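Undergrad: Supplied in structure tokens, the structure appears directly below.
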Amino acid sequence: MSLSLKDVEWHEFFIEDFAVIKSGVRLTKADMSSGFKPFIGATDSNNGITNFVSDTNRSEDANVLGVNYNGSVVENFYHPYTAIFSDDVKRLSLKQVDGNKYHYLSLKSAILMQKGKYQYGYKFNEKRLSRQKVMLPSLNQGELNWQFMENYTKTLLDRKKAKYVEFCRKELAKLKPQNIVKLENKEWHEFFLKDIFKIVQRGKRLTKANQIEGHHPYVSSTSLNNGVNDFIGNEDGIRIFSNCLTVANSGSVGASFYQPYKFVASDHVTHLQNDQFDRFIYLFIATLTNRLSDKYNFNREINDKRISRDKVMLPVKEDHRPDFEYMGQYMMNLEYLKRKQYLDYIQSEK
């Protein structure tokens with residue numbers, strides 16, 4: 001069987017022709033009980049998981065596609081695990097076959113292509129969802145070609161996994177883990193950020209209307225995607241930084257990320273730089289600057305004066321100076337452990 005998308009026949013199908021559509025159940029944050037069961041909300045990130053709860057209701061399900069009809073409309077995710085679903089999310093289970101992850105991931109892409117016609121004011125409700133047409137591979141008789149969808153998606157994922165395994169092995173070979181003192185056994189002291197970083201500088205304002213489409217990462221005040229809000233092509237009237245930390249001044253105040261590449265910084269972030277630091281030291285400190293979000297909010301943003309007086313706790317040497325070598329080694333050990341875990345997990349998957 002050819003696995004080229006060009007060699008297969010395609011037809012339009014109503015979603016209700018191949019899927020049973022089920023509703024979620026309203027569960028407010030105030031009524032949630034903390035636990036380990038994924039709660040699926042109308043978000044576009046984290047595979048739709050917005051919380052972990054111990055609650056149960058009639059929306060509890062597994063091996064389904066959760067489709068947002070509200071919030072991040074049309075975004076959808078496959079859920080192989082048992083979860084409960086918000087009333088803002090519809091559940092799709094297949095009628096004609098015993099659906100597996102490859103079927104559902106194929107449908108995910110097809111449904112996501114409808115995102116342009118729906119929005120917050122024109123929701124993807126059950127009636128519209130059921131009568132929405134999607135283009136899918138088909139057999140000569142006009143039936144869905146489930147086997148092609150499974151084979152194509154499985155092959156695509158296998159290729160991606162193989163690339164990741166190769167990449168992960170190369171990265172592991174670069175890391176040199178060592179036995180070090182546990183964090184709780186290190187002495188910690190407070191330090192001003194301005195004493196740790198040689199450069200503390202805010203980005204420059206660039207309105208949406210003045211942004212040009214391009215390839216420069218544009219870092220702003222989001223807490224997602226490593227702070228990257230867009231990609232722009234502006235060359236003038238901007239501030240470009242690299243190999244530093246960014247801390248959001250507003251929006252997701254305190255959100256901190258290490259930026260190894262050249263990027264354009266908006267005025268909603270401050271960049272912190274010390275040329276003596278490597279990425280491991282930056283990553284260690286980023287976890288601590290992230291905690292600035294506890295003292296700031298939308299109504300109390302970080303400004304130049306406040307960030308100059310902000311402090312973080314750092315592990316120290318016997319002379320009470322920051323133990324940057326320890327910080328770097330700690331993060332290298334952690335990365336080695338995580339990459340090894342990911343590699344072992346992927347290689348154990350069938």
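Ligands are numbered from 1 in the order shown, residues from 1 within each chain, and chains are lettered A, B, ... in the order they appear in the structure tokens.
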For segment 33-93 of chain A versus segment 129-137 of chain A, which residues have an atom no more than 10 Å away, and what is each residue's nearest atom pair and distance in Å rounded to one decimal, using only C-alpha atoms, chain-then-number order, as CSV?

TA:
```
residue,atom,partner,partner_atom,distance
A:Val67,CA,A:Leu129,CA,9.1
A:Tyr69,CA,A:Leu129,CA,8.2
A:Val74,CA,A:Leu129,CA,9.2
A:Lys90,CA,A:Leu129,CA,9.0
```

Undergrad: Using backbone DSSP assignments, extract all helix (DSSP H, G or I) residues from segment 42-255 of chain A; output them as an NGL selection string.

TA: :A and (46-48 or 101-112 or 115-117 or 126-131 or 146-174 or 183-185 or 193-196 or 208-210 or 225-227)

Undergrad: For the atom pair atom CA of Glu187 of chain A and atom CA of Pro315 of chain A, what is the interatomic distance in Å to one decimal place?

TA: 5.6 Å

Undergrad: Could you give me, as a VMD selection string, the residues within 12 Å of Tyr342 of chain A, counting only C-alpha atoms and dropping anything in the same chain fewer than 2 positions from it?

TA: chain A and resid 161 164 to 165 167 to 169 172 335 to 340 344 to 349

Undergrad: Can you pull out every residue within 12 Å of Glu318 of chain A, counting only C-alpha atoms, but drop anything in the same chain fewer than 2 positions away, and send it as a PDB file with C-alpha atoms, in the first residue's frame?

TA:
```
ATOM      1  CA  LYS A 186      23.595  22.903  50.461  1.00  0.00           C
ATOM      2  CA  GLU A 187      23.725  26.252  52.239  1.00  0.00           C
ATOM      3  CA  TRP A 188      21.655  28.962  50.540  1.00  0.00           C
ATOM      4  CA  HIS A 189      21.875  32.763  50.636  1.00  0.00           C
ATOM      5  CA  PRO A 315      23.333  27.672  46.859  1.00  0.00           C
ATOM      6  CA  VAL A 316      26.675  28.984  48.064  1.00  0.00           C
ATOM      7  CA  HIS A 320      29.254  32.346  50.866  1.00  0.00           C
ATOM      8  CA  ARG A 321      29.653  33.237  47.216  1.00  0.00           C
ATOM      9  CA  PRO A 322      27.172  31.711  44.721  1.00  0.00           C
ATOM     10  CA  ASP A 323      28.188  28.178  43.795  1.00  0.00           C
TER      11      ASP A 323
END
```
